[in-house]
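K.L.:
Shown below is the structure under consideration.
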Amino acid sequence: MTALLEPFKAYLKSKVAITDEQFGIISDKLKIKTFDKNEMILMKGEVLSHGFFVLSGLLRSYSIDGKGKTHIIQFAPEQWWLSERNGMFNEASEFFIDAIEPTTAIAVNKDFMNDAAKHVPCMNDLNSTMLNNSIRFMQKRINMLLSATAEERYLNFIKLYPNLTLRVPQWMIASYLGITPESLSRVRKDLAHKHFKP
Amino acid sequence: MEAKTKTVSAILNAPAPHMVGDGFRVHNFFPKGYKIKMSPFFLLDYNARIEFSARNEPRGVGVHPHRGFETVTIAYHGAVAHHDSAGNSGIIYPGDVQWMTAASGILHKEYHEEQFSKKGGAFQMVQLWVNLPAKYKMSPPKYQEIKHNSIAKHTLDNGSGNIEVIAGEYNGTKGSASTFSPLNLFNARLNKEGKAYFDFPAEYNTGFVIIEGNIKVNGTEIAKADQFVYFKNEGSIIEVEALENSIVLILSGEPINEPIAQYGPFLMNKPEEIQQAIDDYNQGRFGYLDE
């Protein structure tokens, strides 16, 4: 258990000045979860009282529209957070969460940050920095979806998630980008024409 | 000085299988299945013989990249169609070998051949990843299509069977495949009670995949279909006796003693070369191939 938490401790230490001893206190209630490939983690309508910090593997959150089409909200590979924020208000989820790969993640309860701040005050700063970051990320994503070309969306995606092109099928990337698989193929073909030198 | 026997280190059972795409059900003997030294061979996926049901839409693996090594596909049952971004395509039938040098980078896809898919039937294949020395990792991609009837054959004495030399050399018979480091790759097709002798330098990493049948190695060790015989880096002579009609895939090569950095379909020497490979793939520098 402790060894599995090491990457999370290293992650927190890279963000705030937290000692091993303090980490020992606040990590007491963290739970390690493992998921099989394709395992359903959260169904729409359920209440999720914790978020995930991914140690290995890959999670995704998504919705399914009235026509049965999947829209991917977020991918969470190693060192990424994934949460469903209705759960913070004890409300039912609008999204589904599942594991694309066999995954090990830390389940972080919704009260974790507040509880941790009681022992380690700097966790408050981390919490607000993370929230700001998350909002900034979301703002960029909204702007991309409203105004960017398919190529701009793809170029932004490979910067954000460099190795996901090797880990998920094209249709999932297209779904995340809000474009059709055909236009993703076109973007990749155009890039190859520009950059490929045999 | 009398030549010394190359002794068996272990007879390994096939590890649990996993699917590659939906067309290949493979047992990975290495590097995941067993941590054994087999360089220059980096990976061995063995699709043990299984029956695929008939299907109009061929099963297989979609477009994916490779860089830094060679893929060698050897067919025993069934047929696989292949296309790559360098414009090569072909069908690998039983007995054929496809030697694809990905080197600086290629995109390819592999599917069950259409007619085979429509009829269904027995399917058995081996795919090897052969590492490239650092100085050849970024050389241009290359493709060698080796048809069964073109493979150099050494006929054994006393009706013991024959050795198909895909690469390397067996008793003066040379394989047609060109390689970037010294290695031997043979299909030994042995008749019941037939005997064959092999002579590989002690330092060569050596292993046998028993494709069919049942053999006795060095007069003592018994290995049956779907097992892997792993040899020690000691001695040079191996004696094989077929206890029934058998097919044995024989791998032996000089190790490439260079650092390894691997991620997914890329096999390089340094982590930064892996980052570069990912970036090049994302940016279209591997070219393009339709799904």
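To be explicit about the labels: the chains of the structure tokens are called A, B, and onward in the order shown, and within each one the residues are counted from 1, while ligands get numbers from 1 in the order they are shown.
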Could the residues of chain B within 10 Å of chain A, counting only C-alpha atoms, be given as JSON, numbers by chain, please?

P.N.:
{"B": [62, 63, 64, 65, 86, 104, 105, 140, 141, 263, 264, 265, 275, 278, 279, 280, 281, 282, 283, 284, 285, 286, 287, 288, 289, 290, 291]}

K.L.:
So which residues touch A:Ile41 within 10 Å, counting only C-alpha atoms, skipping near sequence neighbours fewer than 5 positions away, as a list in words?

P.N.:
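Counting only the stated atoms, we get Phe35, Asp36, Leu48, Leu59, Arg60, Ser61, Phe96, Ile97, Asp98 and Ala99 of chain A.
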
K.L.:
Please dump the current selection as a PDB file, in the first residue's frame; keep N, CA and C atoms.

P.N.:
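Generated file (result_30.pdb):
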ATOM      1  N   PHE A  35      -8.593  -1.486 -11.604  1.00  0.00           N
ATOM      2  CA  PHE A  35      -9.698  -1.732 -12.539  1.00  0.00           C
ATOM      3  C   PHE A  35      -9.193  -2.541 -13.726  1.00  0.00           C
ATOM      4  N   ASP A  36     -10.043  -3.453 -14.196  1.00  0.00           N
ATOM      5  CA  ASP A  36      -9.720  -4.215 -15.403  1.00  0.00           C
ATOM      6  C   ASP A  36      -9.946  -3.341 -16.629  1.00  0.00           C
ATOM      7  N   LEU A  48     -20.813   9.853  -7.060  1.00  0.00           N
ATOM      8  CA  LEU A  48     -19.413   9.467  -6.808  1.00  0.00           C
ATOM      9  C   LEU A  48     -18.827  10.426  -5.774  1.00  0.00           C
ATOM     10  N   LEU A  59      -7.959   6.119 -17.613  1.00  0.00           N
ATOM     11  CA  LEU A  59      -9.403   6.238 -17.381  1.00  0.00           C
ATOM     12  C   LEU A  59      -9.979   7.265 -18.356  1.00  0.00           C
ATOM     13  N   ARG A  60     -11.282   7.195 -18.539  1.00  0.00           N
ATOM     14  CA  ARG A  60     -11.941   8.256 -19.316  1.00  0.00           C
ATOM     15  C   ARG A  60     -13.308   8.552 -18.707  1.00  0.00           C
ATOM     16  N   SER A  61     -13.753   9.791 -18.878  1.00  0.00           N
ATOM     17  CA  SER A  61     -15.135  10.145 -18.542  1.00  0.00           C
ATOM     18  C   SER A  61     -15.832  10.526 -19.833  1.00  0.00           C
ATOM     19  N   PHE A  96     -20.323   9.025 -17.454  1.00  0.00           N
ATOM     20  CA  PHE A  96     -19.846   7.668 -17.172  1.00  0.00           C
ATOM     21  C   PHE A  96     -18.321   7.744 -16.994  1.00  0.00           C
ATOM     22  N   ILE A  97     -17.784   6.846 -16.190  1.00  0.00           N
ATOM     23  CA  ILE A  97     -16.331   6.702 -16.112  1.00  0.00           C
ATOM     24  C   ILE A  97     -16.006   5.229 -16.295  1.00  0.00           C
ATOM     25  N   ASP A  98     -15.013   4.936 -17.154  1.00  0.00           N
ATOM     26  CA  ASP A  98     -14.537   3.551 -17.252  1.00  0.00           C
ATOM     27  C   ASP A  98     -13.030   3.531 -17.476  1.00  0.00           C
ATOM     28  N   ALA A  99     -12.489   2.316 -17.415  1.00  0.00           N
ATOM     29  CA  ALA A  99     -11.038   2.132 -17.590  1.00  0.00           C
ATOM     30  C   ALA A  99     -10.787   1.656 -19.014  1.00  0.00           C
TER      31      ALA A  99
END

K.L.:
I'd like to know which of B:Asn257, B:Gln227, B:Ser160, B:Asn149 is closest to B:Gly194, using only C-alpha atoms.

P.N.:
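Residue with the minimum atom-to-atom distance to B:Gly194: B:Ser160.
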
K.L.:
Skipping near chain neighbours, those fewer than 2 positions away, what residues fall within 9 Å of A:His119 using only C-alpha atoms, listed as a PyMOL selection string?

P.N.:
chain A and resi 22+25-26+115-117+121+123

K.L.:
What's around B:Glu164 at 6 Å? Count only C-alpha atoms, leave out sequence neighbours fewer than 4 positions away in its own chain, and write the answer as an NGL selection string.

P.N.:
:B and (152-153 or 186-187)

K.L.:
Taking the backbone alone, and naming residues the way the document does, which bits of stretch 25-248 of chain B are alpha helix (DSSP H) by DSSP, as a PyMOL selection string?

P.N.:
chain B and resi 114-119

K.L.:
Provide the atom CA of B:Ile250 to atom CA of B:Phe24 distance in Å, to one decimal place.

P.N.:
21.4 Å

K.L.:
Could you give me, as a PyMOL selection string, the residues within 10 Å of A:Gly57, counting only C-alpha atoms and dropping anything in the same chain fewer than 6 positions from it?

P.N.:
chain A and resi 34-37+76-79+99-105+167

K.L.:
Since we have the selection now, will you write its residues out, keeping N, CA and C atoms, as a short mmCIF file (atom, residue, chain, number, x, y, z; two decimals), in the first residue's frame?

P.N.:
data_model
loop_
_atom_site.label_atom_id
_atom_site.label_comp_id
_atom_site.auth_asym_id
_atom_site.auth_seq_id
_atom_site.Cartn_x
_atom_site.Cartn_y
_atom_site.Cartn_z
N THR A 34 -7.97 -0.89 -8.18
CA THR A 34 -7.51 -1.42 -9.46
C THR A 34 -8.73 -1.77 -10.32
N PHE A 35 -8.59 -1.49 -11.60
CA PHE A 35 -9.70 -1.73 -12.54
C PHE A 35 -9.19 -2.54 -13.73
N ASP A 36 -10.04 -3.45 -14.20
CA ASP A 36 -9.72 -4.21 -15.40
C ASP A 36 -9.95 -3.34 -16.63
N LYS A 37 -9.37 -3.76 -17.73
CA LYS A 37 -9.64 -3.10 -19.01
C LYS A 37 -11.15 -3.14 -19.27
N ALA A 76 -7.68 10.34 -18.58
CA ALA A 76 -6.76 10.48 -17.44
C ALA A 76 -5.72 9.36 -17.46
N PRO A 77 -4.56 9.63 -18.09
CA PRO A 77 -3.45 8.68 -18.00
C PRO A 77 -2.66 8.91 -16.70
N GLU A 78 -1.51 8.32 -16.58
CA GLU A 78 -0.68 8.42 -15.38
C GLU A 78 -0.50 9.88 -14.95
N GLN A 79 -0.60 10.12 -13.65
CA GLN A 79 -0.37 11.44 -13.05
C GLN A 79 -1.49 12.45 -13.34
N ALA A 99 -12.49 2.32 -17.42
CA ALA A 99 -11.04 2.13 -17.59
C ALA A 99 -10.79 1.66 -19.01
N ILE A 100 -9.97 2.39 -19.76
CA ILE A 100 -9.62 1.98 -21.13
C ILE A 100 -8.53 0.91 -21.10
N GLU A 101 -7.66 1.00 -20.08
CA GLU A 101 -6.58 0.02 -19.89
C GLU A 101 -6.69 -0.52 -18.47
N PRO A 102 -6.06 -1.64 -18.16
CA PRO A 102 -5.97 -2.05 -16.76
C PRO A 102 -5.35 -0.88 -15.97
N THR A 103 -6.00 -0.48 -14.89
CA THR A 103 -5.61 0.77 -14.24
C THR A 103 -5.48 0.60 -12.72
N THR A 104 -4.49 1.28 -12.17
CA THR A 104 -4.38 1.42 -10.72
C THR A 104 -4.49 2.91 -10.42
N ALA A 105 -5.41 3.26 -9.51
CA ALA A 105 -5.63 4.67 -9.21
C ALA A 105 -5.84 4.84 -7.71
N ARG A 167 -2.32 4.71 -27.71
CA ARG A 167 -3.02 3.90 -26.69
C ARG A 167 -4.52 3.80 -26.90
#

K.L.:
Please, what distance in Å, to one decimal, runs between atom CA of A:Ala150 and atom CA of A:Met172?

P.N.:
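Result for atom CA of A:Ala150 versus atom CA of A:Met172: 14.4 Å, one decimal.
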